[in-house]
Structure formats: C-alpha cells, structure tokens
Amino acid sequence: MSAAAPPPKDGPEPGPGPGPGPLGRVRRAAAESVGGLPRQFWWLWTSTLVNRLGAFVATFLALYLTVERGYSASFAGLVGALYGLGGVVSSVGAGVLTDRLGRRPTMLMAQTSTAVSVATLAFVEHPVAIAVTAGVVGMATNASRPAVQAMIADIVAPEDRVRAFSLNYWAINLGFAVSSSAAGLIARYSYDLLFFGEAAMVLACAVVVFVKIPESRPERGAEAADSDVGSTPPPKEAVSMWTVLRDGPFMAVVGLSLLMATLIQQAFVALPVSMGQQGFSSADFGLVIAVNGVLIVLVQIPVTRFIEHRDPARLLVLSALLTGYGFGLNAFAGSMGLYIVAVAVWTLGEIINSPTQMGLVARLSPVHGRGRYQGMYVLSWSVASLGAPLAGGFVIDHFGAGTLWAVSAVIGTVAALGYGLLLRKLRTTPTPTPQE
C-alpha cells in the first residue's frame, strides 16, 4: 500500500525538472532556492526589501549634520550614539509587544512611527530636538526586527528556516546597496528629499503589511513540535523576559552573537580609521567596503543552498573563524588588494553565520515567547552597534590598529570555541515535522 503524499506547500513549486544544459541548471537552482516557501513569507520579504530600499537617513545622518547643518563632528557622534541607544531600548520592548499584541500590529506601529519621526527630522532645528528625534528614529527603525523574525519562524517550516532567513538577509543587503547609492545622488540636490523619501518608502512598507500580511502569532494552547532543543521552558510556563534571561543556552547564543556583531561592526568605524592612518582616502575605503555588499548580493543565495542542511555547529564554528581571521588579516594589509581579500574572508563568515544563527535562535525559542527571544537576540546587535565603535576607537588610539586586528582574531577563535561547546550540548535528533 502506497504512503499518502505530503500536502503541498503554499508557494511557488519547482515544476517539472528542466532540461539539461547550463540554462536548465540555473532554472533548477533558482527553483530550489525560492520554491516551497509560503506566499505570506514573500509578502514579508517584499516589505523588507521596500523598507531597506528607503533606508537613507541612518547612512547619511552624520554628513547631514556636519555638512548641511554645520554641527561639529562631536555632536554628530552624540546623535549617532543616541540613534544606536534608541535601537537598544526598542529591541526588548518590541519583543514584548510582538508576543503580547502580535507580529502585525508591532510592525505597523514601528513603521508608521519611523515614517513620522524621519519626516520630523527634516523640520527640527534645535540641537536638543535633533538629538531626541534621532533617538526616536533609532527606536522606531529597530522595533520591527523582532516581529519580522518571529513571523518568519511562525510561518516557515523548520527545515526551510535557514533558507528563509537567508533570503530575508539578502533582501536587507540588496536594499541597503541600492539605497546607499541612490541616497548619495539625492543628497546632492536636497537632504529633505532623503527624509521624505524614506518616510514614503516606510509607509509603502506599512501598506504592504496592512493589506497582504495576516497575523501569524500562534493561538494559546497550540504548542510547537519544532522547539527541538532542551533549553526552552515547558509549554505551559508563562514566558517573560525573566524566562529569557534564565535560559542559559539561549543567552549563550546571545553572548556569542554579541561577539560576532562586535567584530562585524569594526568594518564601519575602525576599518576606515585604520585605512586613513595608512594614507588611504575615503574613496579607497568606499571601494573596499563595497566588496562586502556586492559579495552578499551575489553569493548569499548560492552559499545558503550549500549550507542549508549541513551541521549548524560546524557552520557556526567556521563562520566565527572566517570572521575573526578575516579582520585579523587587516594587520598585514598595506594595499587595496589585501584589504579587499580581508573583506572577502570576513564577509563569507558573515554570510554563513547570519542565517544559521537566526535558525538556531528560532529553534531555541518557545512558540509563545518568540518575540521576546528575538528581541533579546536583536539586542545583541544593537549593543554591538553602540559599543563596538567606542571600543575599536579606544584600542586604536591607545594600542594601535594592529592590536585591534590581532584581538579580532582572538575574539573569532573564542566565538568558534563557544559555538562548538554549546552546540555539542544542544545536539539532538533531526528537526521533527512541525505540528503548529
């Protein structure tokens, strides 16, 4: 007697196998990369892309304050720190709202608040008002991340989550690459267009969420079978932030994420400072750091197809070593070519780490606590974006750039050991079929 066929997934199907030849292989690879994911995921992916296509202000806020408004570099740094602090505050708060109110309401509140606060930046003139508004923008911009990541965990089957998180990460970087280039051109004519343009794009994102994306928060009493590691609390236990903090294995992942994020954030302050000390120009740095975005856009999806069903422990260990030693290579870089090689190495580590680690976070999160767990995970990146520039600058000023890059290699090694030890404890049977 033949077994019943599994129910089809809601999403694009690969269809009949394409014919032989390069074109057929490309079609088959594309179908395997994007096929089988729920339609709701693709609307969420679209909203992410639209949002990042309009992410103008954060990239050019320092230039706006110093060049357009005539404020000092110190004031611009203070505003940037408040922007980052806003993200730190909202990470946990948005995680709680994601669980209590739902994923969709949290995203809509975050997006409308972002649009209003970004547009307000075009009008405020007093330094205190600018600083406060920038902090609000940081809070609002970061508030949707726990909800988006919790919704992906809700609607995508466990075996497809690494691929889904990778595609969402790819959309973020594709949108950032386009918006950064466009913002440079727009700023030549008017910085106000940047503020209003981002507000309009974020509102468009909110429209997509409102019209096309239903709520995905699981009903109370419907427990998931995909929490396949032993660190999550019992299904009937109320999940609070104290529950998250007491979850030792998960908090270990958060700590390791903080180490990885601290390394990656060095690319945006410490790396240009180090290159500048060697006589390289801002244009040289722009060319070097562009390699990061180009590689992510070009190879994120192919790499994900290769790693999707492989041992996450080995992948996370490898990603930590590539990231740490990639930054460590900067200690030997004295030419553009070597800096580009270093960026390529740590970018590959980033490409492997991000979707694999987000998949692990989803596995460790209880169904009705996904928002809080995702909020704590997002907090690790927010803290890194606030603290890493300060730490990197301090080390360069007092000990030299070479010391910073050597320490980066050590941090990568420590993170690799941490991933290896943690996942050895969490190793379980293959992820079961979800029953949510």
# chains A, B, ... in the order shown; residues from 1 in each chain; ligands from 1
call {"tool": "residues_around", "arguments": {"residues": "Leu193 (chain A)", "least_positions_apart": "6", "cutoff": "9 Å", "atoms": "only C-alpha atoms", "output": "number ranges by chain"}}
result
A: 122, 186-187
call {"tool": "residues_around", "arguments": {"residues": "Ala362 (chain A)", "least_positions_apart": "5", "cutoff": "8 Å", "atoms": "only C-alpha atoms", "output": "list in words"}}
result
Ala150, Ala153, Ser227, Arg370 and Gln374 of chain A
call {"tool": "write_last_selection", "arguments": {"atoms": "N, CA and C atoms", "output": "compact mmCIF listing (two decimals), in the first residue's frame"}}
result
# COMPACT_ATOMS: atom_id res chain seq x y z
N ALA A 150 10.24 36.85 14.21
CA ALA A 150 9.29 35.94 14.84
C ALA A 150 8.26 35.44 13.83
N ALA A 153 9.70 32.70 11.73
CA ALA A 153 9.71 31.45 12.48
C ALA A 153 8.31 30.85 12.58
N SER A 227 10.39 23.13 18.53
CA SER A 227 11.37 23.55 19.52
C SER A 227 12.14 22.32 19.94
N ARG A 370 8.44 33.79 21.17
CA ARG A 370 9.35 34.10 20.07
C ARG A 370 9.69 35.58 19.98
N GLN A 374 13.45 36.80 20.17
CA GLN A 374 14.02 37.53 19.03
C GLN A 374 14.45 38.92 19.45
call {"tool": "select_by_dssp", "arguments": {"residues": "region 263-420 of chain A", "states": "alpha helix (DSSP H)", "output": "PDB file with C-alpha atoms, in the first residue's frame"}}
result
ATOM      1  CA  LEU A 263      33.629  42.063  15.031  1.00  0.00           C
ATOM      2  CA  ILE A 264      31.455  42.970  12.051  1.00  0.00           C
ATOM      3  CA  GLN A 265      30.759  46.482  13.358  1.00  0.00           C
ATOM      4  CA  ALA A 270      37.706  51.054  12.975  1.00  0.00           C
ATOM      5  CA  LEU A 271      38.434  49.932   9.412  1.00  0.00           C
ATOM      6  CA  PRO A 272      38.145  53.382   7.780  1.00  0.00           C
ATOM      7  CA  VAL A 273      40.165  54.929  10.628  1.00  0.00           C
ATOM      8  CA  SER A 274      42.871  52.296  10.215  1.00  0.00           C
ATOM      9  CA  MET A 275      42.983  52.772   6.460  1.00  0.00           C
ATOM     10  CA  GLY A 276      43.104  56.545   6.891  1.00  0.00           C
ATOM     11  CA  GLN A 277      46.130  56.228   9.160  1.00  0.00           C
ATOM     12  CA  SER A 282      37.600  57.796   1.777  1.00  0.00           C
ATOM     13  CA  ALA A 283      37.090  56.718  -1.835  1.00  0.00           C
ATOM     14  CA  ASP A 284      39.512  53.834  -1.247  1.00  0.00           C
ATOM     15  CA  PHE A 285      37.539  52.762   1.814  1.00  0.00           C
ATOM     16  CA  GLY A 286      34.291  53.035  -0.144  1.00  0.00           C
ATOM     17  CA  LEU A 287      35.650  50.673  -2.779  1.00  0.00           C
ATOM     18  CA  VAL A 288      36.904  48.195  -0.175  1.00  0.00           C
ATOM     19  CA  ILE A 289      33.696  48.099   1.894  1.00  0.00           C
ATOM     20  CA  ALA A 290      31.590  47.838  -1.269  1.00  0.00           C
ATOM     21  CA  VAL A 291      33.022  44.334  -1.644  1.00  0.00           C
ATOM     22  CA  ASN A 292      31.005  43.325   1.418  1.00  0.00           C
ATOM     23  CA  GLY A 293      27.664  44.326  -0.091  1.00  0.00           C
ATOM     24  CA  VAL A 294      28.476  43.023  -3.566  1.00  0.00           C
ATOM     25  CA  LEU A 295      29.516  39.614  -2.244  1.00  0.00           C
ATOM     26  CA  ILE A 296      26.414  39.283  -0.081  1.00  0.00           C
ATOM     27  CA  VAL A 297      24.148  40.118  -3.008  1.00  0.00           C
ATOM     28  CA  LEU A 298      25.994  37.767  -5.370  1.00  0.00           C
ATOM     29  CA  VAL A 299      26.726  34.709  -3.241  1.00  0.00           C
ATOM     30  CA  GLN A 300      24.316  34.731  -0.265  1.00  0.00           C
ATOM     31  CA  ILE A 301      21.759  32.529  -2.025  1.00  0.00           C
ATOM     32  CA  PRO A 302      24.238  30.045  -3.605  1.00  0.00           C
ATOM     33  CA  VAL A 303      26.103  29.679  -0.301  1.00  0.00           C
ATOM     34  CA  THR A 304      22.817  29.111   1.529  1.00  0.00           C
ATOM     35  CA  ARG A 305      21.896  26.319  -0.874  1.00  0.00           C
ATOM     36  CA  PHE A 306      25.218  24.674   0.009  1.00  0.00           C
ATOM     37  CA  ILE A 307      24.914  25.040   3.804  1.00  0.00           C
ATOM     38  CA  PRO A 312      24.942  24.072  12.196  1.00  0.00           C
ATOM     39  CA  ALA A 313      27.709  23.504  14.765  1.00  0.00           C
ATOM     40  CA  ARG A 314      30.390  23.195  12.111  1.00  0.00           C
ATOM     41  CA  LEU A 315      28.934  26.104  10.138  1.00  0.00           C
ATOM     42  CA  LEU A 316      28.910  28.463  13.123  1.00  0.00           C
ATOM     43  CA  VAL A 317      32.435  27.464  14.144  1.00  0.00           C
ATOM     44  CA  LEU A 318      33.626  28.037  10.579  1.00  0.00           C
ATOM     45  CA  SER A 319      31.824  31.379  10.342  1.00  0.00           C
ATOM     46  CA  ALA A 320      33.433  32.615  13.584  1.00  0.00           C
ATOM     47  CA  LEU A 321      36.913  31.645  12.395  1.00  0.00           C
ATOM     48  CA  LEU A 322      36.409  33.257   8.980  1.00  0.00           C
ATOM     49  CA  THR A 323      35.085  36.457  10.560  1.00  0.00           C
ATOM     50  CA  GLY A 324      37.786  36.734  13.227  1.00  0.00           C
ATOM     51  CA  TYR A 325      40.699  35.854  10.969  1.00  0.00           C
ATOM     52  CA  GLY A 326      39.275  37.975   8.154  1.00  0.00           C
ATOM     53  CA  PHE A 327      39.528  41.036  10.371  1.00  0.00           C
ATOM     54  CA  GLY A 328      42.860  39.751  11.662  1.00  0.00           C
ATOM     55  CA  MET A 336      43.964  47.841  -1.533  1.00  0.00           C
ATOM     56  CA  GLY A 337      44.250  44.262  -2.753  1.00  0.00           C
ATOM     57  CA  LEU A 338      44.956  42.847   0.705  1.00  0.00           C
ATOM     58  CA  TYR A 339      42.164  44.879   2.282  1.00  0.00           C
ATOM     59  CA  ILE A 340      39.760  43.528  -0.341  1.00  0.00           C
ATOM     60  CA  VAL A 341      40.886  39.965   0.402  1.00  0.00           C
ATOM     61  CA  ALA A 342      40.319  40.552   4.122  1.00  0.00           C
ATOM     62  CA  VAL A 343      36.807  41.915   3.491  1.00  0.00           C
ATOM     63  CA  ALA A 344      36.010  38.918   1.275  1.00  0.00           C
ATOM     64  CA  VAL A 345      37.083  36.487   4.032  1.00  0.00           C
ATOM     65  CA  TRP A 346      35.039  38.030   6.844  1.00  0.00           C
ATOM     66  CA  THR A 347      32.080  38.617   4.534  1.00  0.00           C
ATOM     67  CA  LEU A 348      31.958  34.881   3.823  1.00  0.00           C
ATOM     68  CA  GLY A 349      31.867  34.320   7.578  1.00  0.00           C
ATOM     69  CA  GLU A 350      29.004  36.808   7.870  1.00  0.00           C
ATOM     70  CA  ILE A 351      27.093  35.111   5.044  1.00  0.00           C
ATOM     71  CA  ILE A 352      27.357  31.726   6.760  1.00  0.00           C
ATOM     72  CA  ASN A 353      26.714  32.986  10.290  1.00  0.00           C
ATOM     73  CA  SER A 354      23.630  35.142   9.877  1.00  0.00           C
ATOM     74  CA  PRO A 355      21.013  32.664   8.568  1.00  0.00           C
ATOM     75  CA  THR A 356      22.472  29.737  10.525  1.00  0.00           C
ATOM     76  CA  GLN A 357      22.411  31.632  13.812  1.00  0.00           C
ATOM     77  CA  MET A 358      18.901  33.016  13.212  1.00  0.00           C
ATOM     78  CA  GLY A 359      17.721  29.478  12.524  1.00  0.00           C
ATOM     79  CA  LEU A 360      19.262  28.381  15.839  1.00  0.00           C
ATOM     80  CA  VAL A 361      17.528  31.250  17.662  1.00  0.00           C
ATOM     81  CA  ALA A 362      14.191  30.143  16.174  1.00  0.00           C
ATOM     82  CA  ARG A 363      14.815  26.562  17.347  1.00  0.00           C
ATOM     83  CA  LEU A 364      15.621  27.699  20.867  1.00  0.00           C
ATOM     84  CA  ARG A 370       9.353  34.097  20.067  1.00  0.00           C
ATOM     85  CA  GLY A 371       9.003  37.857  20.171  1.00  0.00           C
ATOM     86  CA  ARG A 372      10.867  38.182  23.466  1.00  0.00           C
ATOM     87  CA  TYR A 373      13.566  35.758  22.364  1.00  0.00           C
ATOM     88  CA  GLN A 374      14.018  37.525  19.033  1.00  0.00           C
ATOM     89  CA  GLY A 375      14.087  40.867  20.832  1.00  0.00           C
ATOM     90  CA  MET A 376      16.924  39.680  23.062  1.00  0.00           C
ATOM     91  CA  TYR A 377      18.797  38.408  20.006  1.00  0.00           C
ATOM     92  CA  VAL A 378      18.311  41.748  18.213  1.00  0.00           C
ATOM     93  CA  LEU A 379      19.567  43.461  21.383  1.00  0.00           C
ATOM     94  CA  SER A 380      22.977  41.815  20.915  1.00  0.00           C
ATOM     95  CA  TRP A 381      23.360  43.570  17.556  1.00  0.00           C
ATOM     96  CA  SER A 382      22.056  46.872  18.888  1.00  0.00           C
ATOM     97  CA  VAL A 383      24.526  46.816  21.781  1.00  0.00           C
ATOM     98  CA  ALA A 384      27.350  45.966  19.367  1.00  0.00           C
ATOM     99  CA  SER A 385      26.445  48.840  17.055  1.00  0.00           C
ATOM    100  CA  LEU A 386      26.597  51.188  20.043  1.00  0.00           C
ATOM    101  CA  GLY A 387      29.660  49.819  21.835  1.00  0.00           C
ATOM    102  CA  ALA A 388      31.894  48.426  19.069  1.00  0.00           C
ATOM    103  CA  PRO A 389      32.826  51.831  17.569  1.00  0.00           C
ATOM    104  CA  LEU A 390      33.785  53.127  21.021  1.00  0.00           C
ATOM    105  CA  ALA A 391      35.834  50.033  21.824  1.00  0.00           C
ATOM    106  CA  GLY A 392      37.524  49.992  18.427  1.00  0.00           C
ATOM    107  CA  GLY A 393      38.440  53.656  18.627  1.00  0.00           C
ATOM    108  CA  PHE A 394      39.826  53.254  22.137  1.00  0.00           C
ATOM    109  CA  VAL A 395      42.048  50.316  21.155  1.00  0.00           C
ATOM    110  CA  ILE A 396      43.366  52.096  18.054  1.00  0.00           C
ATOM    111  CA  ASP A 397      44.130  55.296  19.991  1.00  0.00           C
ATOM    112  CA  HIS A 398      45.923  53.561  22.875  1.00  0.00           C
ATOM    113  CA  PHE A 399      47.408  50.401  21.386  1.00  0.00           C
ATOM    114  CA  ALA A 401      45.266  49.280  14.790  1.00  0.00           C
ATOM    115  CA  GLY A 402      47.471  46.186  14.645  1.00  0.00           C
ATOM    116  CA  THR A 403      46.468  45.289  18.187  1.00  0.00           C
ATOM    117  CA  LEU A 404      42.782  45.674  17.342  1.00  0.00           C
ATOM    118  CA  TRP A 405      43.062  43.284  14.397  1.00  0.00           C
ATOM    119  CA  ALA A 406      45.028  40.762  16.473  1.00  0.00           C
ATOM    120  CA  VAL A 407      42.355  40.932  19.186  1.00  0.00           C
ATOM    121  CA  SER A 408      39.716  40.404  16.490  1.00  0.00           C
ATOM    122  CA  ALA A 409      41.344  37.107  15.525  1.00  0.00           C
ATOM    123  CA  VAL A 410      41.335  36.080  19.193  1.00  0.00           C
ATOM    124  CA  ILE A 411      37.651  37.005  19.554  1.00  0.00           C
ATOM    125  CA  GLY A 412      36.822  34.934  16.469  1.00  0.00           C
ATOM    126  CA  THR A 413      38.638  31.967  17.987  1.00  0.00           C
ATOM    127  CA  VAL A 414      36.811  32.360  21.309  1.00  0.00           C
ATOM    128  CA  ALA A 415      33.462  32.562  19.494  1.00  0.00           C
ATOM    129  CA  ALA A 416      34.301  29.430  17.489  1.00  0.00           C
ATOM    130  CA  LEU A 417      35.129  27.516  20.670  1.00  0.00           C
ATOM    131  CA  GLY A 418      31.936  28.793  22.265  1.00  0.00           C
ATOM    132  CA  TYR A 419      29.779  27.655  19.360  1.00  0.00           C
ATOM    133  CA  GLY A 420      31.448  24.265  19.349  1.00  0.00           C
TER     134      GLY A 420
END
call {"tool": "closest_residue", "arguments": {"among": "A:Ser166, A:Ser113, A:Ala76, A:Ala94", "to": "Phe60 (chain A)", "atoms": "only C-alpha atoms"}}
result
A:Ala76
call {"tool": "residues_around", "arguments": {"residues": "Ser90 (chain A)", "least_positions_apart": "4", "cutoff": "7 Å", "atoms": "only C-alpha atoms", "output": "list in words"}}
result
Gly86, Ala94, Met139, Asn142 and Ala143 of chain A
call {"tool": "write_last_selection", "arguments": {"atoms": "N, CA and C atoms", "output": "short mmCIF file (atom, residue, chain, number, x, y, z; two decimals), in the first residue's frame"}}
result
data_model
loop_
_atom_site.label_atom_id
_atom_site.label_comp_id
_atom_site.auth_asym_id
_atom_site.auth_seq_id
_atom_site.Cartn_x
_atom_site.Cartn_y
_atom_site.Cartn_z
N GLY A 86 18.63 54.26 21.00
CA GLY A 86 17.21 54.03 20.74
C GLY A 86 16.95 52.61 20.27
N ALA A 94 10.08 45.94 21.85
CA ALA A 94 9.38 45.44 20.66
C ALA A 94 9.20 43.93 20.73
N MET A 139 14.79 54.08 17.78
CA MET A 139 13.85 53.17 18.42
C MET A 139 12.86 52.61 17.41
N ASN A 142 14.31 50.17 14.62
CA ASN A 142 14.74 48.85 15.10
C ASN A 142 13.58 48.00 15.62
N ALA A 143 12.44 48.62 15.88
CA ALA A 143 11.35 47.94 16.57
C ALA A 143 10.69 46.84 15.75
#
call {"tool": "closest_residue", "arguments": {"among": "A:Val162, A:Ser47, A:Ala119, A:Thr106", "to": "His309 (chain A)", "atoms": "only C-alpha atoms"}}
result
A:Val162
call {"tool": "atom_distance", "arguments": {"atom1": "CA of Leu63 (chain A)", "atom2": "CA of Gly77 (chain A)"}}
result
10.8 Å
